[in-house]
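Trainee: You'll find entry.cif just under this line, and it carries mmCIF, N, CA and C atoms.
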data_coords
loop_
_atom_site.group_PDB
_atom_site.id
_atom_site.type_symbol
_atom_site.label_atom_id
_atom_site.label_comp_id
_atom_site.auth_asym_id
_atom_site.auth_seq_id
_atom_site.Cartn_x
_atom_site.Cartn_y
_atom_site.Cartn_z
ATOM 1 N N MET M 1 9.213 7.614 -2.846
ATOM 2 C CA MET M 1 8.841 8.667 -1.918
ATOM 3 C C MET M 1 8.663 9.993 -2.648
ATOM 4 N N SER M 2 9.445 10.220 -3.684
ATOM 5 C CA SER M 2 9.302 11.479 -4.417
ATOM 6 C C SER M 2 7.938 11.545 -5.108
ATOM 7 N N GLU M 3 7.436 10.415 -5.589
ATOM 8 C CA GLU M 3 6.110 10.399 -6.210
ATOM 9 C C GLU M 3 5.020 10.599 -5.165
ATOM 10 N N LEU M 4 5.155 9.977 -3.988
ATOM 11 C CA LEU M 4 4.179 10.173 -2.921
ATOM 12 C C LEU M 4 4.181 11.614 -2.423
ATOM 13 N N ALA M 5 5.319 12.251 -2.420
ATOM 14 C CA ALA M 5 5.419 13.639 -1.973
ATOM 15 C C ALA M 5 4.525 14.552 -2.813
ATOM 16 N N LYS M 6 4.315 14.208 -4.056
ATOM 17 C CA LYS M 6 3.452 15.008 -4.930
ATOM 18 C C LYS M 6 1.995 14.975 -4.479
ATOM 19 N N LEU M 7 1.626 13.991 -3.674
ATOM 20 C CA LEU M 7 0.244 13.846 -3.215
ATOM 21 C C LEU M 7 -0.014 14.516 -1.871
ATOM 22 N N ARG M 8 1.001 15.075 -1.261
ATOM 23 C CA ARG M 8 0.850 15.615 0.092
ATOM 24 C C ARG M 8 -0.235 16.669 0.215
ATOM 25 N N ASP M 9 -0.453 17.473 -0.807
ATOM 26 C CA ASP M 9 -1.439 18.553 -0.723
ATOM 27 C C ASP M 9 -2.746 18.231 -1.435
ATOM 28 N N VAL M 10 -2.932 16.995 -1.880
ATOM 29 C CA VAL M 10 -4.155 16.594 -2.575
ATOM 30 C C VAL M 10 -5.181 16.157 -1.532
ATOM 31 N N THR M 11 -6.348 16.785 -1.560
ATOM 32 C CA THR M 11 -7.387 16.421 -0.593
ATOM 33 C C THR M 11 -8.027 15.094 -0.988
ATOM 34 N N GLY M 12 -8.444 14.335 0.012
ATOM 35 C CA GLY M 12 -9.127 13.078 -0.221
ATOM 36 C C GLY M 12 -8.224 11.881 -0.440
ATOM 37 N N ILE M 13 -6.915 12.073 -0.368
ATOM 38 C CA ILE M 13 -5.968 10.975 -0.538
ATOM 39 C C ILE M 13 -5.195 10.813 0.763
ATOM 40 N N GLU M 14 -5.106 9.577 1.230
ATOM 41 C CA GLU M 14 -4.316 9.277 2.416
ATOM 42 C C GLU M 14 -3.186 8.340 2.028
ATOM 43 N N GLY M 15 -2.069 8.508 2.656
ATOM 44 C CA GLY M 15 -0.944 7.626 2.408
ATOM 45 C C GLY M 15 -0.146 7.445 3.681
ATOM 46 N N ARG M 16 0.387 6.258 3.848
ATOM 47 C CA ARG M 16 1.205 5.958 5.019
ATOM 48 C C ARG M 16 2.433 5.203 4.588
ATOM 49 N N LEU M 17 3.480 5.361 5.363
ATOM 50 C CA LEU M 17 4.746 4.681 5.136
ATOM 51 C C LEU M 17 5.064 3.863 6.375
ATOM 52 N N GLU M 18 5.317 2.583 6.168
ATOM 53 C CA GLU M 18 5.676 1.696 7.278
ATOM 54 C C GLU M 18 7.011 1.067 6.917
ATOM 55 N N THR M 19 8.074 1.495 7.577
ATOM 56 C CA THR M 19 9.425 1.082 7.190
ATOM 57 C C THR M 19 9.802 -0.305 7.688
ATOM 58 N N GLY M 20 9.022 -0.901 8.579
ATOM 59 C CA GLY M 20 9.367 -2.218 9.086
ATOM 60 C C GLY M 20 8.963 -3.351 8.142
ATOM 61 N N HIS M 21 8.142 -3.069 7.152
ATOM 62 C CA HIS M 21 7.645 -4.100 6.232
ATOM 63 C C HIS M 21 7.767 -3.535 4.822
ATOM 64 N N VAL M 22 8.908 -3.739 4.200
ATOM 65 C CA VAL M 22 9.190 -3.052 2.943
ATOM 66 C C VAL M 22 8.970 -3.913 1.703
ATOM 67 N N ASN M 23 8.303 -5.023 1.830
ATOM 68 C CA ASN M 23 8.164 -5.873 0.655
ATOM 69 C C ASN M 23 6.734 -5.969 0.129
ATOM 70 N N LEU M 24 5.971 -4.878 0.261
ATOM 71 C CA LEU M 24 4.611 -4.868 -0.238
ATOM 72 C C LEU M 24 4.163 -3.423 -0.471
ATOM 73 N N SER M 25 3.653 -3.153 -1.654
ATOM 74 C CA SER M 25 3.014 -1.865 -1.942
ATOM 75 C C SER M 25 1.548 -2.136 -2.213
ATOM 76 N N VAL M 26 0.678 -1.332 -1.602
ATOM 77 C CA VAL M 26 -0.764 -1.531 -1.765
ATOM 78 C C VAL M 26 -1.427 -0.181 -2.011
ATOM 79 N N PHE M 27 -2.301 -0.160 -3.009
ATOM 80 C CA PHE M 27 -3.128 1.001 -3.297
ATOM 81 C C PHE M 27 -4.566 0.504 -3.250
ATOM 82 N N ARG M 28 -5.339 1.034 -2.280
ATOM 83 C CA ARG M 28 -6.703 0.526 -2.065
ATOM 84 C C ARG M 28 -7.730 1.576 -2.471
ATOM 85 N N PHE M 29 -8.765 1.105 -3.152
ATOM 86 C CA PHE M 29 -9.863 1.939 -3.618
ATOM 87 C C PHE M 29 -11.163 1.212 -3.295
ATOM 88 N N ASP M 30 -11.810 1.542 -2.189
ATOM 89 C CA ASP M 30 -13.060 0.903 -1.771
ATOM 90 C C ASP M 30 -12.945 -0.621 -1.825
ATOM 91 N N ASP M 31 -13.577 -1.281 -2.785
ATOM 92 C CA ASP M 31 -13.567 -2.747 -2.866
ATOM 93 C C ASP M 31 -12.596 -3.287 -3.907
ATOM 94 N N GLU M 32 -11.584 -2.513 -4.241
ATOM 95 C CA GLU M 32 -10.535 -2.954 -5.154
ATOM 96 C C GLU M 32 -9.197 -2.502 -4.594
ATOM 97 N N MET M 33 -8.150 -3.239 -4.933
ATOM 98 C CA MET M 33 -6.808 -2.817 -4.531
ATOM 99 C C MET M 33 -5.796 -3.323 -5.549
ATOM 100 N N ILE M 34 -4.716 -2.574 -5.639
ATOM 101 C CA ILE M 34 -3.563 -2.962 -6.441
ATOM 102 C C ILE M 34 -2.487 -3.367 -5.438
ATOM 103 N N VAL M 35 -1.998 -4.596 -5.549
ATOM 104 C CA VAL M 35 -0.988 -5.117 -4.622
ATOM 105 C C VAL M 35 0.247 -5.501 -5.419
ATOM 106 N N THR M 36 1.376 -4.983 -4.982
ATOM 107 C CA THR M 36 2.654 -5.326 -5.606
ATOM 108 C C THR M 36 3.565 -5.911 -4.542
ATOM 109 N N PRO M 37 3.740 -7.232 -4.526
ATOM 110 C CA PRO M 37 4.721 -7.821 -3.606
ATOM 111 C C PRO M 37 6.122 -7.571 -4.174
ATOM 112 N N ILE M 38 6.951 -6.891 -3.407
ATOM 113 C CA ILE M 38 8.288 -6.549 -3.875
ATOM 114 C C ILE M 38 9.180 -7.779 -3.733
ATOM 115 N N LEU M 39 9.700 -8.240 -4.840
ATOM 116 C CA LEU M 39 10.528 -9.442 -4.857
ATOM 117 C C LEU M 39 11.965 -9.125 -4.450
ATOM 118 N N ALA M 40 12.634 -10.113 -3.891
ATOM 119 C CA ALA M 40 14.031 -9.949 -3.475
ATOM 120 C C ALA M 40 14.876 -9.495 -4.660
ATOM 121 N N ARG M 41 15.736 -8.538 -4.410
ATOM 122 C CA ARG M 41 16.663 -7.983 -5.398
ATOM 123 C C ARG M 41 15.975 -7.276 -6.555
ATOM 124 N N LYS M 42 14.725 -6.898 -6.366
ATOM 125 C CA LYS M 42 13.977 -6.168 -7.393
ATOM 126 C C LYS M 42 13.415 -4.891 -6.781
ATOM 127 N N ILE M 43 13.042 -3.942 -7.623
ATOM 128 C CA ILE M 43 12.333 -2.755 -7.164
ATOM 129 C C ILE M 43 10.895 -2.872 -7.641
ATOM 130 N N GLY M 44 10.040 -1.971 -7.196
ATOM 131 C CA GLY M 44 8.610 -2.072 -7.452
ATOM 132 C C GLY M 44 8.218 -2.355 -8.881
ATOM 133 N N HIS M 45 8.749 -1.602 -9.831
ATOM 134 C CA HIS M 45 8.300 -1.785 -11.215
ATOM 135 C C HIS M 45 8.811 -3.071 -11.842
ATOM 136 N N ASP M 46 9.717 -3.774 -11.185
ATOM 137 C CA ASP M 46 10.191 -5.074 -11.670
ATOM 138 C C ASP M 46 9.470 -6.248 -10.997
ATOM 139 N N SER M 47 8.495 -5.943 -10.155
ATOM 140 C CA SER M 47 7.763 -6.970 -9.414
ATOM 141 C C SER M 47 6.361 -7.128 -9.998
ATOM 142 N N PRO M 48 5.706 -8.261 -9.734
ATOM 143 C CA PRO M 48 4.352 -8.464 -10.269
ATOM 144 C C PRO M 48 3.342 -7.548 -9.595
ATOM 145 N N MET M 49 2.265 -7.259 -10.294
ATOM 146 C CA MET M 49 1.188 -6.445 -9.755
ATOM 147 C C MET M 49 -0.104 -7.255 -9.845
ATOM 148 N N MET M 50 -0.873 -7.246 -8.764
ATOM 149 C CA MET M 50 -2.150 -7.952 -8.749
ATOM 150 C C MET M 50 -3.282 -6.950 -8.546
ATOM 151 N N HIS M 51 -4.337 -7.063 -9.330
ATOM 152 C CA HIS M 51 -5.543 -6.259 -9.169
ATOM 153 C C HIS M 51 -6.561 -7.156 -8.472
ATOM 154 N N ILE M 52 -6.867 -6.852 -7.222
ATOM 155 C CA ILE M 52 -7.737 -7.702 -6.408
ATOM 156 C C ILE M 52 -9.059 -6.988 -6.171
ATOM 157 N N ARG M 53 -10.159 -7.688 -6.399
ATOM 158 C CA ARG M 53 -11.502 -7.158 -6.169
ATOM 159 C C ARG M 53 -12.179 -7.962 -5.069
ATOM 160 N N ARG M 54 -12.958 -7.269 -4.239
ATOM 161 C CA ARG M 54 -13.705 -7.968 -3.185
ATOM 162 C C ARG M 54 -14.910 -8.654 -3.797
ATOM 163 N N ARG M 55 -14.962 -9.963 -3.717
ATOM 164 C CA ARG M 55 -16.055 -10.752 -4.279
ATOM 165 C C ARG M 55 -16.776 -11.579 -3.221
ATOM 166 N N GLN M 56 -16.140 -11.791 -2.056
ATOM 167 C CA GLN M 56 -16.756 -12.617 -1.015
ATOM 168 C C GLN M 56 -16.149 -12.246 0.325
ATOM 169 N N SER M 57 -16.824 -12.619 1.393
ATOM 170 C CA SER M 57 -16.299 -12.397 2.736
ATOM 171 C C SER M 57 -15.128 -13.332 2.978
ATOM 172 N N ASP M 58 -14.109 -12.828 3.632
ATOM 173 C CA ASP M 58 -12.915 -13.574 4.005
ATOM 174 C C ASP M 58 -12.184 -14.175 2.807
ATOM 175 N N GLY M 59 -12.335 -13.549 1.644
ATOM 176 C CA GLY M 59 -11.578 -13.967 0.469
ATOM 177 C C GLY M 59 -10.228 -13.272 0.443
ATOM 178 N N MET M 60 -9.581 -13.323 -0.698
ATOM 179 C CA MET M 60 -8.247 -12.743 -0.827
ATOM 180 C C MET M 60 -8.251 -11.249 -0.528
ATOM 181 N N PHE M 61 -9.283 -10.514 -0.994
ATOM 182 C CA PHE M 61 -9.343 -9.079 -0.733
ATOM 183 C C PHE M 61 -9.377 -8.809 0.765
ATOM 184 N N ASP M 62 -10.272 -9.472 1.489
ATOM 185 C CA ASP M 62 -10.393 -9.237 2.928
ATOM 186 C C ASP M 62 -9.115 -9.611 3.675
ATOM 187 N N ARG M 63 -8.444 -10.642 3.243
ATOM 188 C CA ARG M 63 -7.206 -11.052 3.913
ATOM 189 C C ARG M 63 -6.093 -10.033 3.686
ATOM 190 N N PHE M 64 -5.965 -9.558 2.459
ATOM 191 C CA PHE M 64 -4.982 -8.500 2.203
ATOM 192 C C PHE M 64 -5.374 -7.224 2.935
ATOM 193 N N ALA M 65 -6.678 -6.908 2.961
ATOM 194 C CA ALA M 65 -7.140 -5.703 3.643
ATOM 195 C C ALA M 65 -6.790 -5.741 5.128
ATOM 196 N N ALA M 66 -6.974 -6.882 5.786
ATOM 197 C CA ALA M 66 -6.626 -7.011 7.208
ATOM 198 C C ALA M 66 -5.126 -6.825 7.415
ATOM 199 N N HIS M 67 -4.330 -7.387 6.526
ATOM 200 C CA HIS M 67 -2.872 -7.241 6.601
ATOM 201 C C HIS M 67 -2.480 -5.776 6.440
ATOM 202 N N VAL M 68 -3.071 -5.129 5.454
ATOM 203 C CA VAL M 68 -2.759 -3.727 5.186
ATOM 204 C C VAL M 68 -3.213 -2.827 6.336
ATOM 205 N N GLU M 69 -4.364 -3.115 6.928
ATOM 206 C CA GLU M 69 -4.836 -2.308 8.054
ATOM 207 C C GLU M 69 -3.886 -2.405 9.236
ATOM 208 N N GLU M 70 -3.299 -3.568 9.450
ATOM 209 C CA GLU M 70 -2.292 -3.715 10.508
ATOM 210 C C GLU M 70 -1.071 -2.849 10.198
ATOM 211 N N LEU M 71 -0.590 -2.910 8.976
ATOM 212 C CA LEU M 71 0.552 -2.076 8.586
ATOM 213 C C LEU M 71 0.202 -0.592 8.660
ATOM 214 N N TRP M 72 -1.011 -0.240 8.224
ATOM 215 C CA TRP M 72 -1.476 1.146 8.241
ATOM 216 C C TRP M 72 -1.460 1.700 9.668
ATOM 217 N N SER M 73 -1.882 0.885 10.634
ATOM 218 C CA SER M 73 -1.941 1.350 12.025
ATOM 219 C C SER M 73 -0.555 1.682 12.572
ATOM 220 N N ARG M 74 0.484 1.061 12.002
ATOM 221 C CA ARG M 74 1.860 1.312 12.464
ATOM 222 C C ARG M 74 2.579 2.372 11.637
ATOM 223 N N GLY M 75 2.003 2.741 10.497
ATOM 224 C CA GLY M 75 2.683 3.640 9.567
ATOM 225 C C GLY M 75 2.601 5.102 9.960
ATOM 226 N N ARG M 76 3.412 5.885 9.260
ATOM 227 C CA ARG M 76 3.416 7.342 9.433
ATOM 228 C C ARG M 76 2.795 7.987 8.204
ATOM 229 N N ASP M 77 2.059 9.047 8.422
ATOM 230 C CA ASP M 77 1.433 9.782 7.332
ATOM 231 C C ASP M 77 2.511 10.270 6.358
ATOM 232 N N ILE M 78 2.235 10.181 5.067
ATOM 233 C CA ILE M 78 3.225 10.616 4.071
ATOM 234 C C ILE M 78 3.519 12.103 4.185
ATOM 235 N N ARG M 79 2.621 12.854 4.805
ATOM 236 C CA ARG M 79 2.861 14.286 4.990
ATOM 237 C C ARG M 79 3.938 14.543 6.044
ATOM 238 N N GLU M 80 4.200 13.534 6.891
ATOM 239 C CA GLU M 80 5.221 13.658 7.929
ATOM 240 C C GLU M 80 6.553 13.083 7.501
ATOM 241 N N ALA M 81 6.544 12.211 6.494
ATOM 242 C CA ALA M 81 7.779 11.532 6.050
ATOM 243 C C ALA M 81 8.528 12.419 5.072
ATOM 244 N N SER M 82 9.835 12.392 5.160
ATOM 245 C CA SER M 82 10.661 13.141 4.223
ATOM 246 C C SER M 82 10.916 12.310 2.979
ATOM 247 N N GLY M 83 11.586 12.852 1.999
ATOM 248 C CA GLY M 83 11.850 12.176 0.739
ATOM 249 C C GLY M 83 12.674 10.919 0.857
ATOM 250 N N ASP M 84 13.420 10.725 1.940
ATOM 251 C CA ASP M 84 14.246 9.528 2.075
ATOM 252 C C ASP M 84 13.558 8.416 2.846
ATOM 253 N N GLY M 85 12.266 8.620 3.162
ATOM 254 C CA GLY M 85 11.516 7.577 3.858
ATOM 255 C C GLY M 85 11.588 7.681 5.365
ATOM 256 N N GLN M 86 12.281 8.678 5.881
ATOM 257 C CA GLN M 86 12.397 8.852 7.331
ATOM 258 C C GLN M 86 11.501 9.991 7.784
ATOM 259 N N ALA M 87 10.889 9.844 8.949
ATOM 260 C CA ALA M 87 10.025 10.899 9.488
ATOM 261 C C ALA M 87 10.864 11.953 10.159
#
So that I can check it, write out the structure of this file as structure tokens.
Mentor:
Amino acid sequence: MSELAKLRDVTGIEGRLETGHVNLSVFRFDDEMIVTPILARKIGHDSPMMHIRRRQSDGMFDRFAAHVEELWSRGRDIREASGDGQA
């Protein structure tokens, strides 16, 4: 959260926090995304990272994108969240 807080005043960047689903970090850039599934008893940098590119309809990218859009719709803007993850 402290790293995301640094982005609060940067134009053109959006971020959301969804506290009900804490085992996935996603950074999306048009037709590419970085996905880090957070493993049990590990923190983000100890978990694997996948670089996913959109290559076909309804492929892995589109499936992750649909999942992320659902989480995004429930999340709170990082500008509203405090450093401890609570709004």
Trainee: Which residue out of M:Asp58, M:Asp31, M:Glu3, M:Glu18 has the minimum interatomic distance to Arg74 (chain M) when all atoms listed in the file are used?
Mentor: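 Comparing M:Asp58, M:Asp31, M:Glu3, M:Glu18 against Arg74 (chain M), the winner is M:Glu18.
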Trainee: Tell me which protein, DNA and RNA residues are within 10 Å of region 61-73 of chain M, counting only C-alpha atoms, leaving out same-chain ones fewer than 5 positions away, and put them as a list in words.
Mentor: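 After dropping sequence-adjacent residues, the list is Gly15, Arg16, Leu17, Glu18, Thr19, Gly20, His21, Leu24, Ser25, Val26, Phe27, Arg28, Asp31, Glu32, Met33, Val35, His51, Ile52, Arg53, Arg54, Arg55 and Gln56 of chain M.
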Trainee: Using only C-alpha atoms, which of the listed residues (M:Ile78, M:Met1, M:Met49, M:Ile38) sits closest to Ile13 (chain M)?
Mentor: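 Counting only C-alpha atoms, the residue closest to Ile13 (chain M) is M:Ile78.
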Trainee: Mind giving me the straight-line distance from CA of Pro37 (chain M) to CA of Gly12 (chain M) in Å, one decimal?
Mentor: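 That distance, rounded to one decimal, is 25.3 Å.
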Trainee: Work out how far atom N of His45 (chain M) is from CA of Arg79 (chain M), in Å to one decimal.
Mentor: 22.5 Å
Trainee: Is there a way to complete region 52-63 of chain M with all heavy atoms and then write that out as a PDB file, in the coordinates of the input?
Mentor:
ATOM      1  N   ILE M  52      -6.867  -6.852  -7.222  1.00  0.00           N
ATOM      2  CA  ILE M  52      -7.737  -7.702  -6.408  1.00  0.00           C
ATOM      3  C   ILE M  52      -9.059  -6.988  -6.171  1.00  0.00           C
ATOM      4  O   ILE M  52      -9.071  -5.821  -5.776  1.00  0.00           O
ATOM      5  CB  ILE M  52      -7.058  -8.046  -5.063  1.00  0.00           C
ATOM      6  CG1 ILE M  52      -5.729  -8.751  -5.331  1.00  0.00           C
ATOM      7  CG2 ILE M  52      -7.975  -8.906  -4.204  1.00  0.00           C
ATOM      8  CD1 ILE M  52      -4.897  -8.965  -4.095  1.00  0.00           C
ATOM      9  N   ARG M  53     -10.159  -7.688  -6.399  1.00  0.00           N
ATOM     10  CA  ARG M  53     -11.502  -7.158  -6.169  1.00  0.00           C
ATOM     11  C   ARG M  53     -12.179  -7.962  -5.069  1.00  0.00           C
ATOM     12  O   ARG M  53     -12.027  -9.171  -4.991  1.00  0.00           O
ATOM     13  CB  ARG M  53     -12.326  -7.251  -7.445  1.00  0.00           C
ATOM     14  CG  ARG M  53     -11.816  -6.373  -8.551  1.00  0.00           C
ATOM     15  CD  ARG M  53     -12.689  -6.519  -9.792  1.00  0.00           C
ATOM     16  NE  ARG M  53     -12.220  -5.671 -10.850  1.00  0.00           N
ATOM     17  CZ  ARG M  53     -11.462  -6.083 -11.864  1.00  0.00           C
ATOM     18  NH1 ARG M  53     -11.093  -7.345 -11.949  1.00  0.00           N
ATOM     19  NH2 ARG M  53     -11.081  -5.241 -12.790  1.00  0.00           N
ATOM     20  N   ARG M  54     -12.958  -7.269  -4.239  1.00  0.00           N
ATOM     21  CA  ARG M  54     -13.705  -7.968  -3.185  1.00  0.00           C
ATOM     22  C   ARG M  54     -14.910  -8.654  -3.797  1.00  0.00           C
ATOM     23  O   ARG M  54     -15.785  -8.008  -4.350  1.00  0.00           O
ATOM     24  CB  ARG M  54     -14.152  -7.001  -2.099  1.00  0.00           C
ATOM     25  CG  ARG M  54     -14.745  -7.732  -0.913  1.00  0.00           C
ATOM     26  CD  ARG M  54     -15.030  -6.776   0.235  1.00  0.00           C
ATOM     27  NE  ARG M  54     -15.251  -7.520   1.448  1.00  0.00           N
ATOM     28  CZ  ARG M  54     -16.394  -8.116   1.766  1.00  0.00           C
ATOM     29  NH1 ARG M  54     -17.423  -8.060   0.937  1.00  0.00           N
ATOM     30  NH2 ARG M  54     -16.516  -8.773   2.896  1.00  0.00           N
ATOM     31  N   ARG M  55     -14.962  -9.963  -3.717  1.00  0.00           N
ATOM     32  CA  ARG M  55     -16.055 -10.752  -4.279  1.00  0.00           C
ATOM     33  C   ARG M  55     -16.776 -11.579  -3.221  1.00  0.00           C
ATOM     34  O   ARG M  55     -17.875 -12.061  -3.467  1.00  0.00           O
ATOM     35  CB  ARG M  55     -15.536 -11.703  -5.368  1.00  0.00           C
ATOM     36  CG  ARG M  55     -14.899 -11.020  -6.532  1.00  0.00           C
ATOM     37  CD  ARG M  55     -15.947 -10.325  -7.361  1.00  0.00           C
ATOM     38  NE  ARG M  55     -15.374  -9.878  -8.618  1.00  0.00           N
ATOM     39  CZ  ARG M  55     -15.694  -8.743  -9.196  1.00  0.00           C
ATOM     40  NH1 ARG M  55     -16.571  -7.949  -8.659  1.00  0.00           N
ATOM     41  NH2 ARG M  55     -15.135  -8.400 -10.330  1.00  0.00           N
ATOM     42  N   GLN M  56     -16.140 -11.791  -2.056  1.00  0.00           N
ATOM     43  CA  GLN M  56     -16.756 -12.617  -1.015  1.00  0.00           C
ATOM     44  C   GLN M  56     -16.149 -12.246   0.325  1.00  0.00           C
ATOM     45  O   GLN M  56     -15.080 -11.646   0.390  1.00  0.00           O
ATOM     46  CB  GLN M  56     -16.503 -14.097  -1.291  1.00  0.00           C
ATOM     47  CG  GLN M  56     -15.024 -14.463  -1.211  1.00  0.00           C
ATOM     48  CD  GLN M  56     -14.729 -15.864  -1.695  1.00  0.00           C
ATOM     49  OE1 GLN M  56     -15.288 -16.280  -2.698  1.00  0.00           O
ATOM     50  NE2 GLN M  56     -13.878 -16.579  -0.991  1.00  0.00           N
ATOM     51  N   SER M  57     -16.824 -12.619   1.393  1.00  0.00           N
ATOM     52  CA  SER M  57     -16.299 -12.397   2.736  1.00  0.00           C
ATOM     53  C   SER M  57     -15.128 -13.332   2.978  1.00  0.00           C
ATOM     54  O   SER M  57     -15.157 -14.500   2.560  1.00  0.00           O
ATOM     55  CB  SER M  57     -17.383 -12.663   3.782  1.00  0.00           C
ATOM     56  OG  SER M  57     -18.405 -11.713   3.659  1.00  0.00           O
ATOM     57  N   ASP M  58     -14.109 -12.828   3.632  1.00  0.00           N
ATOM     58  CA  ASP M  58     -12.915 -13.574   4.005  1.00  0.00           C
ATOM     59  C   ASP M  58     -12.184 -14.175   2.807  1.00  0.00           C
ATOM     60  O   ASP M  58     -11.482 -15.168   2.924  1.00  0.00           O
ATOM     61  CB  ASP M  58     -13.229 -14.668   5.030  1.00  0.00           C
ATOM     62  CG  ASP M  58     -11.960 -15.116   5.762  1.00  0.00           C
ATOM     63  OD1 ASP M  58     -11.073 -14.267   5.993  1.00  0.00           O
ATOM     64  OD2 ASP M  58     -11.849 -16.312   6.067  1.00  0.00           O
ATOM     65  N   GLY M  59     -12.335 -13.549   1.644  1.00  0.00           N
ATOM     66  CA  GLY M  59     -11.578 -13.967   0.469  1.00  0.00           C
ATOM     67  C   GLY M  59     -10.228 -13.272   0.443  1.00  0.00           C
ATOM     68  O   GLY M  59      -9.778 -12.672   1.425  1.00  0.00           O
ATOM     69  N   MET M  60      -9.581 -13.323  -0.698  1.00  0.00           N
ATOM     70  CA  MET M  60      -8.247 -12.743  -0.827  1.00  0.00           C
ATOM     71  C   MET M  60      -8.251 -11.249  -0.528  1.00  0.00           C
ATOM     72  O   MET M  60      -7.357 -10.741   0.157  1.00  0.00           O
ATOM     73  CB  MET M  60      -7.686 -12.988  -2.226  1.00  0.00           C
ATOM     74  CG  MET M  60      -6.239 -12.516  -2.363  1.00  0.00           C
ATOM     75  SD  MET M  60      -5.526 -12.750  -3.996  1.00  0.00           S
ATOM     76  CE  MET M  60      -5.480 -14.524  -4.090  1.00  0.00           C
ATOM     77  N   PHE M  61      -9.283 -10.514  -0.994  1.00  0.00           N
ATOM     78  CA  PHE M  61      -9.343  -9.079  -0.733  1.00  0.00           C
ATOM     79  C   PHE M  61      -9.377  -8.809   0.765  1.00  0.00           C
ATOM     80  O   PHE M  61      -8.602  -7.996   1.274  1.00  0.00           O
ATOM     81  CB  PHE M  61     -10.565  -8.455  -1.410  1.00  0.00           C
ATOM     82  CG  PHE M  61     -10.673  -6.977  -1.178  1.00  0.00           C
ATOM     83  CD1 PHE M  61     -10.118  -6.084  -2.073  1.00  0.00           C
ATOM     84  CD2 PHE M  61     -11.309  -6.476  -0.057  1.00  0.00           C
ATOM     85  CE1 PHE M  61     -10.195  -4.713  -1.851  1.00  0.00           C
ATOM     86  CE2 PHE M  61     -11.394  -5.117   0.178  1.00  0.00           C
ATOM     87  CZ  PHE M  61     -10.834  -4.229  -0.728  1.00  0.00           C
ATOM     88  N   ASP M  62     -10.272  -9.472   1.489  1.00  0.00           N
ATOM     89  CA  ASP M  62     -10.393  -9.237   2.928  1.00  0.00           C
ATOM     90  C   ASP M  62      -9.115  -9.611   3.675  1.00  0.00           C
ATOM     91  O   ASP M  62      -8.735  -8.940   4.639  1.00  0.00           O
ATOM     92  CB  ASP M  62     -11.577 -10.011   3.504  1.00  0.00           C
ATOM     93  CG  ASP M  62     -12.922  -9.402   3.105  1.00  0.00           C
ATOM     94  OD1 ASP M  62     -12.940  -8.274   2.569  1.00  0.00           O
ATOM     95  OD2 ASP M  62     -13.955 -10.061   3.342  1.00  0.00           O
ATOM     96  N   ARG M  63      -8.444 -10.642   3.243  1.00  0.00           N
ATOM     97  CA  ARG M  63      -7.206 -11.052   3.913  1.00  0.00           C
ATOM     98  C   ARG M  63      -6.093 -10.033   3.686  1.00  0.00           C
ATOM     99  O   ARG M  63      -5.368  -9.686   4.612  1.00  0.00           O
ATOM    100  CB  ARG M  63      -6.794 -12.440   3.448  1.00  0.00           C
ATOM    101  CG  ARG M  63      -7.773 -13.492   3.936  1.00  0.00           C
ATOM    102  CD  ARG M  63      -7.486 -14.854   3.402  1.00  0.00           C
ATOM    103  NE  ARG M  63      -8.567 -15.766   3.745  1.00  0.00           N
ATOM    104  CZ  ARG M  63      -8.457 -17.066   3.679  1.00  0.00           C
ATOM    105  NH1 ARG M  63      -7.334 -17.629   3.282  1.00  0.00           N
ATOM    106  NH2 ARG M  63      -9.484 -17.822   4.002  1.00  0.00           N
TER     107      ARG M  63
END
